[in-house]
>>> print(open('final-v6.pdb').read())   # PDB, C-alpha atoms and all ligand atoms
ATOM      1  CA  MET F   1      67.702 122.023 193.832
ATOM      2  CA  THR F   2      65.446 123.842 196.306
ATOM      3  CA  LYS F   3      62.018 122.204 196.235
ATOM      4  CA  ILE F   4      58.934 124.248 197.099
ATOM      5  CA  LEU F   5      55.559 122.554 197.448
ATOM      6  CA  ILE F   6      52.355 124.522 196.845
ATOM      7  CA  PRO F   7      49.407 122.572 198.262
ATOM      8  CA  TYR F   8      46.154 124.419 197.680
ATOM      9  CA  TYR F   9      42.395 123.963 197.742
ATOM     10  CA  SER F  10      40.410 125.896 195.151
ATOM     11  CA  ALA F  11      36.699 125.321 194.657
ATOM     12  CA  TYR F  12      36.187 128.093 192.105
ATOM     13  CA  GLY F  13      39.663 128.703 190.647
ATOM     14  CA  HIS F  14      40.873 131.916 192.322
ATOM     15  CA  ILE F  15      43.326 130.171 194.630
ATOM     16  CA  TYR F  16      44.494 128.051 191.691
ATOM     17  CA  THR F  17      45.343 131.202 189.713
ATOM     18  CA  MET F  18      47.176 132.619 192.731
ATOM     19  CA  ALA F  19      49.032 129.279 193.137
ATOM     20  CA  GLN F  20      50.339 129.574 189.597
ATOM     21  CA  ALA F  21      51.689 133.063 190.366
ATOM     22  CA  VAL F  22      53.337 131.763 193.563
ATOM     23  CA  ALA F  23      54.977 128.980 191.510
ATOM     24  CA  LYS F  24      56.238 131.555 188.990
ATOM     25  CA  GLY F  25      57.869 133.463 191.846
ATOM     26  CA  VAL F  26      59.491 130.305 193.197
ATOM     27  CA  GLU F  27      60.982 129.476 189.830
ATOM     28  CA  LYS F  28      62.478 132.959 189.475
ATOM     29  CA  VAL F  29      64.905 131.998 192.227
ATOM     30  CA  GLU F  30      67.887 130.228 190.693
ATOM     31  CA  GLY F  31      68.000 126.531 191.499
ATOM     32  CA  SER F  32      64.405 126.401 192.775
ATOM     33  CA  THR F  33      61.531 124.319 191.545
ATOM     34  CA  ALA F  34      57.821 124.512 192.408
ATOM     35  CA  LYS F  35      55.310 121.673 192.593
ATOM     36  CA  LEU F  36      51.574 122.400 192.665
ATOM     37  CA  VAL F  37      49.377 119.816 194.368
ATOM     38  CA  LYS F  38      45.657 120.065 195.072
ATOM     39  CA  ILE F  39      44.163 119.131 198.411
ATOM     40  CA  PRO F  40      41.661 116.260 197.936
ATOM     41  CA  GLU F  41      37.975 117.187 197.946
ATOM     42  CA  ILE F  42      35.833 115.911 200.805
ATOM     43  CA  GLU F  43      32.731 113.864 200.079
ATOM     44  CA  VAL F  44      30.227 116.192 201.713
ATOM     45  CA  ALA F  45      31.471 119.162 199.647
ATOM     46  CA  LYS F  46      31.558 117.095 196.444
ATOM     47  CA  GLN F  47      27.880 116.274 196.909
ATOM     48  CA  ALA F  48      26.935 119.862 197.714
ATOM     49  CA  LEU F  49      29.021 121.582 195.034
ATOM     50  CA  SER F  50      28.913 119.189 192.071
ATOM     51  CA  THR F  51      25.583 120.642 190.979
ATOM     52  CA  GLN F  52      27.187 124.086 190.576
ATOM     53  CA  GLU F  53      28.322 124.679 186.999
ATOM     54  CA  TYR F  54      30.963 127.180 188.178
ATOM     55  CA  TYR F  55      32.510 124.578 190.529
ATOM     56  CA  VAL F  56      32.502 121.819 187.900
ATOM     57  CA  LYS F  57      34.239 124.106 185.369
ATOM     58  CA  ALA F  58      36.873 125.226 187.882
ATOM     59  CA  GLN F  59      37.615 121.606 188.832
ATOM     60  CA  ALA F  60      37.981 120.571 185.190
ATOM     61  CA  VAL F  61      40.695 123.211 184.718
ATOM     62  CA  GLN F  62      42.634 121.607 187.594
ATOM     63  CA  ASN F  63      42.286 118.051 186.257
ATOM     64  CA  ASP F  64      45.983 117.625 185.549
ATOM     65  CA  VAL F  65      47.145 118.805 188.976
ATOM     66  CA  PRO F  66      48.077 115.798 191.150
ATOM     67  CA  GLU F  67      46.444 115.375 194.547
ATOM     68  CA  ALA F  68      48.562 116.197 197.593
ATOM     69  CA  THR F  69      50.023 113.269 199.522
ATOM     70  CA  LEU F  70      51.863 113.161 202.829
ATOM     71  CA  ASP F  71      55.027 112.108 200.948
ATOM     72  CA  ASP F  72      54.961 115.485 199.172
ATOM     73  CA  LEU F  73      55.531 117.144 202.540
ATOM     74  CA  ASP F  74      58.769 115.168 203.008
ATOM     75  CA  TRP F  75      59.907 116.065 199.479
ATOM     76  CA  ALA F  76      59.601 119.799 200.106
ATOM     77  CA  ASP F  77      62.253 122.170 201.436
ATOM     78  CA  GLY F  78      59.510 124.799 201.868
ATOM     79  CA  ILE F  79      55.702 124.762 201.680
ATOM     80  CA  ILE F  80      53.315 127.539 200.581
ATOM     81  CA  TRP F  81      49.665 126.780 201.306
ATOM     82  CA  GLY F  82      46.727 128.068 199.260
ATOM     83  CA  VAL F  83      43.833 128.569 201.615
ATOM     84  CA  SER F  84      40.577 130.369 200.788
ATOM     85  CA  SER F  85      38.417 131.672 203.647
ATOM     86  CA  ARG F  86      35.553 129.553 204.948
ATOM     87  CA  TYR F  87      33.754 131.478 207.684
ATOM     88  CA  GLY F  88      37.037 133.315 208.294
ATOM     89  CA  LEU F  89      39.094 130.127 208.628
ATOM     90  CA  MET F  90      40.830 127.583 206.367
ATOM     91  CA  PRO F  91      38.525 125.233 204.373
ATOM     92  CA  ALA F  92      37.670 121.868 205.978
ATOM     93  CA  GLN F  93      39.465 120.184 203.072
ATOM     94  CA  MET F  94      42.756 121.753 204.162
ATOM     95  CA  LYS F  95      42.111 121.068 207.845
ATOM     96  CA  GLN F  96      41.388 117.431 207.086
ATOM     97  CA  PHE F  97      44.667 117.137 205.177
ATOM     98  CA  LEU F  98      46.614 118.766 208.019
ATOM     99  CA  ASP F  99      44.885 116.503 210.537
ATOM    100  CA  SER F 100      45.933 113.487 208.495
ATOM    101  CA  ALA F 101      49.571 114.659 208.819
ATOM    102  CA  GLY F 102      49.737 113.909 212.553
ATOM    103  CA  GLY F 103      52.615 111.524 211.914
ATOM    104  CA  LYS F 104      54.682 114.408 210.507
ATOM    105  CA  TRP F 105      53.979 116.405 213.656
ATOM    106  CA  MET F 106      55.000 113.490 215.876
ATOM    107  CA  THR F 107      58.297 112.897 214.098
ATOM    108  CA  GLY F 108      59.055 116.597 213.614
ATOM    109  CA  ALA F 109      59.399 115.989 209.869
ATOM    110  CA  LEU F 110      58.422 119.575 208.957
ATOM    111  CA  GLU F 111      60.375 121.346 211.665
ATOM    112  CA  GLY F 112      62.598 124.120 210.335
ATOM    113  CA  LYS F 113      60.999 124.258 206.866
ATOM    114  CA  PRO F 114      59.914 127.762 205.801
ATOM    115  CA  THR F 115      56.204 128.157 205.123
ATOM    116  CA  ALA F 116      53.693 130.789 204.005
ATOM    117  CA  VAL F 117      50.003 131.130 203.178
ATOM    118  CA  PHE F 118      48.050 132.801 200.387
ATOM    119  CA  ASN F 119      44.329 133.398 200.470
ATOM    120  CA  SER F 120      41.146 134.378 198.668
ATOM    121  CA  THR F 121      37.891 135.715 200.069
ATOM    122  CA  GLY F 122      34.544 136.722 198.646
ATOM    123  CA  SER F 123      34.630 140.164 200.256
ATOM    124  CA  ILE F 124      37.311 142.609 201.357
ATOM    125  CA  HIS F 125      36.604 142.220 205.054
ATOM    126  CA  GLY F 126      35.501 138.587 204.862
ATOM    127  CA  GLY F 127      38.524 137.282 206.728
ATOM    128  CA  GLN F 128      41.747 137.253 204.704
ATOM    129  CA  GLU F 129      43.923 138.039 207.700
ATOM    130  CA  SER F 130      41.995 135.733 210.036
ATOM    131  CA  ALA F 131      42.300 132.739 207.681
ATOM    132  CA  ILE F 132      46.035 133.297 207.136
ATOM    133  CA  LEU F 133      46.843 133.897 210.791
ATOM    134  CA  THR F 134      44.782 130.980 212.084
ATOM    135  CA  THR F 135      46.397 128.697 209.507
ATOM    136  CA  ALA F 136      49.778 129.883 210.809
ATOM    137  CA  ILE F 137      48.851 128.439 214.219
ATOM    138  CA  SER F 138      48.732 124.903 212.781
ATOM    139  CA  LEU F 139      51.921 125.436 210.793
ATOM    140  CA  LEU F 140      53.735 126.579 213.933
ATOM    141  CA  HIS F 141      52.618 123.370 215.658
ATOM    142  CA  PHE F 142      54.444 121.509 212.906
ATOM    143  CA  GLY F 143      57.539 123.559 213.773
ATOM    144  CA  MET F 144      57.641 125.379 210.457
ATOM    145  CA  ILE F 145      59.146 128.864 210.092
ATOM    146  CA  PHE F 146      56.356 131.274 209.109
ATOM    147  CA  VAL F 147      57.200 133.723 206.321
ATOM    148  CA  GLY F 148      55.135 136.873 205.733
ATOM    149  CA  LEU F 149      54.928 139.451 202.963
ATOM    150  CA  PRO F 150      56.694 142.647 204.089
ATOM    151  CA  TYR F 151      55.604 146.144 203.050
ATOM    152  CA  GLY F 152      59.150 146.959 201.920
ATOM    153  CA  GLU F 153      58.900 144.493 199.049
ATOM    154  CA  ASN F 154      55.187 145.033 198.474
ATOM    155  CA  GLN F 155      54.309 148.709 198.186
ATOM    156  CA  GLU F 156      50.978 147.634 196.631
ATOM    157  CA  GLN F 157      49.737 147.023 200.180
ATOM    158  CA  LEU F 158      49.862 150.730 200.942
ATOM    159  CA  THR F 159      46.502 151.431 199.357
ATOM    160  CA  ALA F 160      42.890 152.011 200.249
ATOM    161  CA  ASP F 161      41.793 150.112 197.122
ATOM    162  CA  GLY F 162      39.764 146.947 197.584
ATOM    163  CA  ILE F 163      42.558 144.516 196.776
ATOM    164  CA  GLY F 164      44.257 141.677 198.637
ATOM    165  CA  GLY F 165      47.707 141.591 200.184
ATOM    166  CA  SER F 166      48.813 142.073 203.791
ATOM    167  CA  PRO F 167      51.965 141.587 205.845
ATOM    168  CA  TYR F 168      50.625 138.122 206.665
ATOM    169  CA  GLY F 169      50.495 136.785 203.110
ATOM    170  CA  ALA F 170      49.301 137.275 199.548
ATOM    171  CA  SER F 171      45.573 137.304 198.838
ATOM    172  CA  THR F 172      42.878 138.179 196.336
ATOM    173  CA  VAL F 173      39.299 139.368 196.531
ATOM    174  CA  ALA F 174      37.100 137.070 194.435
ATOM    175  CA  GLY F 175      33.955 139.176 194.843
ATOM    176  CA  PRO F 176      30.734 138.084 196.551
ATOM    177  CA  ASP F 177      29.662 136.240 193.373
ATOM    178  CA  GLY F 178      33.210 135.069 192.541
ATOM    179  CA  SER F 179      33.230 137.093 189.334
ATOM    180  CA  LEU F 180      36.533 138.901 189.938
ATOM    181  CA  ILE F 181      39.850 137.434 188.859
ATOM    182  CA  PRO F 182      43.146 138.047 190.710
ATOM    183  CA  ASN F 183      44.451 141.407 189.499
ATOM    184  CA  GLU F 184      47.966 142.364 188.475
ATOM    185  CA  ARG F 185      48.960 143.722 191.905
ATOM    186  CA  GLU F 186      47.630 140.669 193.753
ATOM    187  CA  LEU F 187      49.454 138.318 191.389
ATOM    188  CA  LEU F 188      52.682 140.261 191.778
ATOM    189  CA  MET F 189      52.503 139.946 195.564
ATOM    190  CA  ALA F 190      51.779 136.214 195.233
ATOM    191  CA  GLU F 191      54.830 135.892 193.001
ATOM    192  CA  ARG F 192      57.014 137.718 195.508
ATOM    193  CA  LEU F 193      55.773 135.451 198.304
ATOM    194  CA  GLY F 194      56.901 132.461 196.233
ATOM    195  CA  SER F 195      60.327 134.007 195.641
ATOM    196  CA  ARG F 196      60.737 134.923 199.308
ATOM    197  CA  VAL F 197      60.033 131.404 200.574
ATOM    198  CA  ALA F 198      62.306 129.913 197.900
ATOM    199  CA  ARG F 199      65.152 132.277 198.840
ATOM    200  CA  ILE F 200      64.784 131.428 202.525
ATOM    201  CA  ALA F 201      64.529 127.681 201.854
ATOM    202  CA  LYS F 202      67.649 127.870 199.685
ATOM    203  CA  ALA F 203      69.589 129.713 202.387
ATOM    204  CA  LEU F 204      68.482 127.310 205.110
ATOM    205  CA  LYS F 205      69.370 124.326 202.947
ATOM    206  CA  SER F 206      72.875 125.614 202.295
ATOM    207  CA  GLU F 207      73.480 125.698 206.063
ATOM    208  CA  LYS F 208      72.740 121.997 206.527
TER
HETATM  209  C1  LIG K   1      31.189 127.578 202.807
HETATM  210  C2  LIG K   1      31.821 128.860 202.367
HETATM  211  C3  LIG K   1      32.248 129.783 203.306
HETATM  212  C4  LIG K   1      32.823 130.983 202.905
HETATM  213  N1  LIG K   1      33.243 131.869 203.855
HETATM  214  C5  LIG K   1      33.733 133.064 203.473
HETATM  215  C6  LIG K   1      34.152 134.011 204.449
HETATM  216  O1  LIG K   1      34.159 133.790 205.647
HETATM  217  N2  LIG K   1      34.565 135.218 203.999
HETATM  218  C7  LIG K   1      34.595 135.549 202.664
HETATM  219  O2  LIG K   1      34.934 136.663 202.325
HETATM  220  N3  LIG K   1      34.266 134.637 201.726
HETATM  221  C8  LIG K   1      33.839 133.417 202.104
HETATM  222  N4  LIG K   1      33.503 132.491 201.159
HETATM  223  C9  LIG K   1      33.805 132.774 199.755
HETATM  224  C10 LIG K   1      35.122 132.112 199.387
HETATM  225  O3  LIG K   1      36.173 132.549 200.212
HETATM  226  C11 LIG K   1      35.461 132.366 197.935
HETATM  227  O4  LIG K   1      34.507 131.687 197.179
HETATM  228  C12 LIG K   1      36.854 131.860 197.630
HETATM  229  O5  LIG K   1      37.794 132.738 198.170
HETATM  230  C13 LIG K   1      37.119 131.716 196.200
HETATM  231  O6  LIG K   1      38.339 131.002 196.079
HETATM  232  P1  LIG K   1      38.372 129.751 195.074
HETATM  233  O7  LIG K   1      37.867 130.283 193.780
HETATM  234  O8  LIG K   1      39.818 129.372 194.974
HETATM  235  O9  LIG K   1      37.521 128.657 195.652
HETATM  236  C14 LIG K   1      32.961 131.272 201.530
HETATM  237  C15 LIG K   1      32.543 130.327 200.587
HETATM  238  C16 LIG K   1      31.992 129.135 200.987
HETATM  239  C17 LIG K   1      31.561 128.131 199.945
END
>>> encode(input="final-v6.pdb", output="structure tokens", more="lines below")
Ligand SMILES: Cc1cc2nc3c(=O)[nH]c(=O)nc-3n(C[C@H](O)[C@H](O)[C@H](O)COP(=O)(O)O)c2cc1C
Amino acid sequence: MTKILIPYYSAYGHIYTMAQAVAKGVEKVEGSTAKLVKIPEIEVAKQALSTQEYYVKAQAVQNDVPEATLDDLDWADGIIWGVSSRYGLMPAQMKQFLDSAGGKWMTGALEGKPTAVFNSTGSIHGGQESAILTTAISLLHFGMIFVGLPYGENQEQLTADGIGGSPYGASTVAGPDGSLIPNERELLMAERLGSRVARIAKALKSEK
């Protein structure tokens, strides 16, 4: 069985919806299984956001998703990270989790595992590419093999419409007020990203 972990942080639910599409893509690859885990909330954000009805509702929907642990990283043959943009970068929640994984970096536990990133922003030019590419820097420090989302498999990218998706990874535009939901084309690209990582993880595993 090829095991693909999908650790994500989603304050308002868009990344969670994308994560489900990524998982669907993983499971389309024969012999692959996907596990969704949410990155733990940080105290300062909990205090700031728990008064927002929209945040509370989105968290309730994710109640049954287990929290990510460092052991999950060992379990996985491939890891696809769900990272929304915070000032053009990954959220502090995700950075804190990665920082807590220093032991995995030291032992090289993640070296050679394929990895990818999907994203959500408020606005079209709010930093989808910057958040994905800067997250890739950390993943390369862990020795992971970064997997993108090629045009050849994702013709939806060849558009001037205000949708997500780039050669760097799948993404969605949530809208400045968060009122948009991931559209069909964005979900399809997220699915294909899941399949691509699963296929690569399966091939790498068979070589061991
Ligand atoms: C502190 C903070 C910083 C943000 N920074 C950006 C940003 O740089 N660019 C952008 O387009 N959206 C930004 N947003 C909007 C989020 O990216 C958007 O709410 C998120 O993609 C929605 O995903 P979620 O529903 O999974 O939380 C920011 C939101 C917050 C709360």
>>> atom_distance(input="final-v6.pdb", atom1="atom CA of Thr134 of chain F", atom2="atom CA of Val173 of chain F")
18.5 Å
>>> residues_near_ligand(input="final-v6.pdb", ligand="ligand LIG 1 (chain K)", cutoff="9 Å", atoms="only C-alpha atoms and all ligand atoms", output="mmCIF file with C-alpha atoms, in the coordinates of the input")
data_model
loop_
_atom_site.group_PDB
_atom_site.id
_atom_site.type_symbol
_atom_site.label_atom_id
_atom_site.label_comp_id
_atom_site.auth_asym_id
_atom_site.auth_seq_id
_atom_site.Cartn_x
_atom_site.Cartn_y
_atom_site.Cartn_z
ATOM 1 C CA TYR F 8 46.154 124.419 197.680
ATOM 2 C CA TYR F 9 42.395 123.963 197.742
ATOM 3 C CA SER F 10 40.410 125.896 195.151
ATOM 4 C CA ALA F 11 36.699 125.321 194.657
ATOM 5 C CA TYR F 12 36.187 128.093 192.105
ATOM 6 C CA GLY F 13 39.663 128.703 190.647
ATOM 7 C CA HIS F 14 40.873 131.916 192.322
ATOM 8 C CA ILE F 15 43.326 130.171 194.630
ATOM 9 C CA TYR F 16 44.494 128.051 191.691
ATOM 10 C CA THR F 17 45.343 131.202 189.713
ATOM 11 C CA MET F 18 47.176 132.619 192.731
ATOM 12 C CA ALA F 45 31.471 119.162 199.647
ATOM 13 C CA LEU F 49 29.021 121.582 195.034
ATOM 14 C CA TYR F 55 32.510 124.578 190.529
ATOM 15 C CA ALA F 58 36.873 125.226 187.882
ATOM 16 C CA GLY F 82 46.727 128.068 199.260
ATOM 17 C CA VAL F 83 43.833 128.569 201.615
ATOM 18 C CA SER F 84 40.577 130.369 200.788
ATOM 19 C CA SER F 85 38.417 131.672 203.647
ATOM 20 C CA ARG F 86 35.553 129.553 204.948
ATOM 21 C CA TYR F 87 33.754 131.478 207.684
ATOM 22 C CA GLY F 88 37.037 133.315 208.294
ATOM 23 C CA LEU F 89 39.094 130.127 208.628
ATOM 24 C CA PRO F 91 38.525 125.233 204.373
ATOM 25 C CA ASN F 119 44.329 133.398 200.470
ATOM 26 C CA SER F 120 41.146 134.378 198.668
ATOM 27 C CA THR F 121 37.891 135.715 200.069
ATOM 28 C CA GLY F 122 34.544 136.722 198.646
ATOM 29 C CA SER F 123 34.630 140.164 200.256
ATOM 30 C CA ILE F 124 37.311 142.609 201.357
ATOM 31 C CA HIS F 125 36.604 142.220 205.054
ATOM 32 C CA GLY F 126 35.501 138.587 204.862
ATOM 33 C CA GLY F 127 38.524 137.282 206.728
ATOM 34 C CA GLN F 128 41.747 137.253 204.704
ATOM 35 C CA ALA F 131 42.300 132.739 207.681
ATOM 36 C CA THR F 172 42.878 138.179 196.336
ATOM 37 C CA VAL F 173 39.299 139.368 196.531
ATOM 38 C CA ALA F 174 37.100 137.070 194.435
ATOM 39 C CA GLY F 175 33.955 139.176 194.843
ATOM 40 C CA PRO F 176 30.734 138.084 196.551
ATOM 41 C CA ASP F 177 29.662 136.240 193.373
ATOM 42 C CA GLY F 178 33.210 135.069 192.541
ATOM 43 C CA ILE F 181 39.850 137.434 188.859
#
>>> atom_distance(input="final-v6.pdb", atom1="atom CA of Leu204 of chain F", atom2="atom CA of Val147 of chain F")
13.0 Å
>>> resolve_selection(input="final-v6.pdb", expression="the PyMOL selection byres (((chain F and resi 139) around 12) and not hetatm)", output="PyMOL selection string")
chain F and resi 78-81+94-95+98-99+101-102+104-105+108+110-117+132-138+140-147
>>> resolve_selection(input="final-v6.pdb", expression="the PyMOL selection byres (((chain F and resi 67) around 12) and not hetatm)", output="list in words")
Leu5, Ile6, Pro7, Tyr8, Tyr9, Lys35, Leu36, Val37, Lys38, Ile39, Pro40, Glu41, Gln62, Asn63, Asp64, Val65, Pro66, Ala68, Thr69, Leu70, Asp71, Asp72 and Phe97 of chain F
>>> build_atoms(input="final-v6.pdb", residues="segment 180-194 of chain F", atoms="N, CA and C atoms", output="PDB file, in the frame of the given file")
ATOM      1  N   LEU F 180      35.251 138.219 190.154  1.00  0.00           N
ATOM      2  CA  LEU F 180      36.533 138.901 189.938  1.00  0.00           C
ATOM      3  C   LEU F 180      37.633 137.871 189.692  1.00  0.00           C
ATOM      4  N   ILE F 181      38.667 138.299 188.997  1.00  0.00           N
ATOM      5  CA  ILE F 181      39.850 137.434 188.859  1.00  0.00           C
ATOM      6  C   ILE F 181      41.022 138.153 189.534  1.00  0.00           C
ATOM      7  N   PRO F 182      42.016 137.392 190.043  1.00  0.00           N
ATOM      8  CA  PRO F 182      43.146 138.047 190.710  1.00  0.00           C
ATOM      9  C   PRO F 182      43.758 139.112 189.791  1.00  0.00           C
ATOM     10  N   ASN F 183      43.927 140.325 190.338  1.00  0.00           N
ATOM     11  CA  ASN F 183      44.451 141.407 189.499  1.00  0.00           C
ATOM     12  C   ASN F 183      45.981 141.436 189.517  1.00  0.00           C
ATOM     13  N   GLU F 184      46.511 142.298 188.686  1.00  0.00           N
ATOM     14  CA  GLU F 184      47.966 142.364 188.475  1.00  0.00           C
ATOM     15  C   GLU F 184      48.736 142.546 189.789  1.00  0.00           C
ATOM     16  N   ARG F 185      48.244 143.442 190.649  1.00  0.00           N
ATOM     17  CA  ARG F 185      48.960 143.722 191.905  1.00  0.00           C
ATOM     18  C   ARG F 185      48.907 142.524 192.842  1.00  0.00           C
ATOM     19  N   GLU F 186      47.768 141.852 192.886  1.00  0.00           N
ATOM     20  CA  GLU F 186      47.630 140.669 193.753  1.00  0.00           C
ATOM     21  C   GLU F 186      48.543 139.537 193.271  1.00  0.00           C
ATOM     22  N   LEU F 187      48.617 139.387 191.955  1.00  0.00           N
ATOM     23  CA  LEU F 187      49.454 138.318 191.389  1.00  0.00           C
ATOM     24  C   LEU F 187      50.938 138.594 191.621  1.00  0.00           C
ATOM     25  N   LEU F 188      51.290 139.865 191.551  1.00  0.00           N
ATOM     26  CA  LEU F 188      52.682 140.261 191.778  1.00  0.00           C
ATOM     27  C   LEU F 188      53.089 139.945 193.229  1.00  0.00           C
ATOM     28  N   MET F 189      52.204 140.231 194.149  1.00  0.00           N
ATOM     29  CA  MET F 189      52.503 139.946 195.564  1.00  0.00           C
ATOM     30  C   MET F 189      52.594 138.432 195.794  1.00  0.00           C
ATOM     31  N   ALA F 190      51.732 137.683 195.123  1.00  0.00           N
ATOM     32  CA  ALA F 190      51.779 136.214 195.233  1.00  0.00           C
ATOM     33  C   ALA F 190      53.116 135.695 194.707  1.00  0.00           C
ATOM     34  N   GLU F 191      53.539 136.272 193.598  1.00  0.00           N
ATOM     35  CA  GLU F 191      54.830 135.892 193.001  1.00  0.00           C
ATOM     36  C   GLU F 191      55.975 136.171 193.981  1.00  0.00           C
ATOM     37  N   ARG F 192      55.925 137.350 194.578  1.00  0.00           N
ATOM     38  CA  ARG F 192      57.014 137.718 195.508  1.00  0.00           C
ATOM     39  C   ARG F 192      57.016 136.813 196.737  1.00  0.00           C
ATOM     40  N   LEU F 193      55.829 136.379 197.158  1.00  0.00           N
ATOM     41  CA  LEU F 193      55.773 135.451 198.304  1.00  0.00           C
ATOM     42  C   LEU F 193      56.481 134.144 197.929  1.00  0.00           C
ATOM     43  N   GLY F 194      56.232 133.676 196.708  1.00  0.00           N
ATOM     44  CA  GLY F 194      56.901 132.461 196.233  1.00  0.00           C
ATOM     45  C   GLY F 194      58.412 132.628 196.220  1.00  0.00           C
TER      46      GLY F 194
END
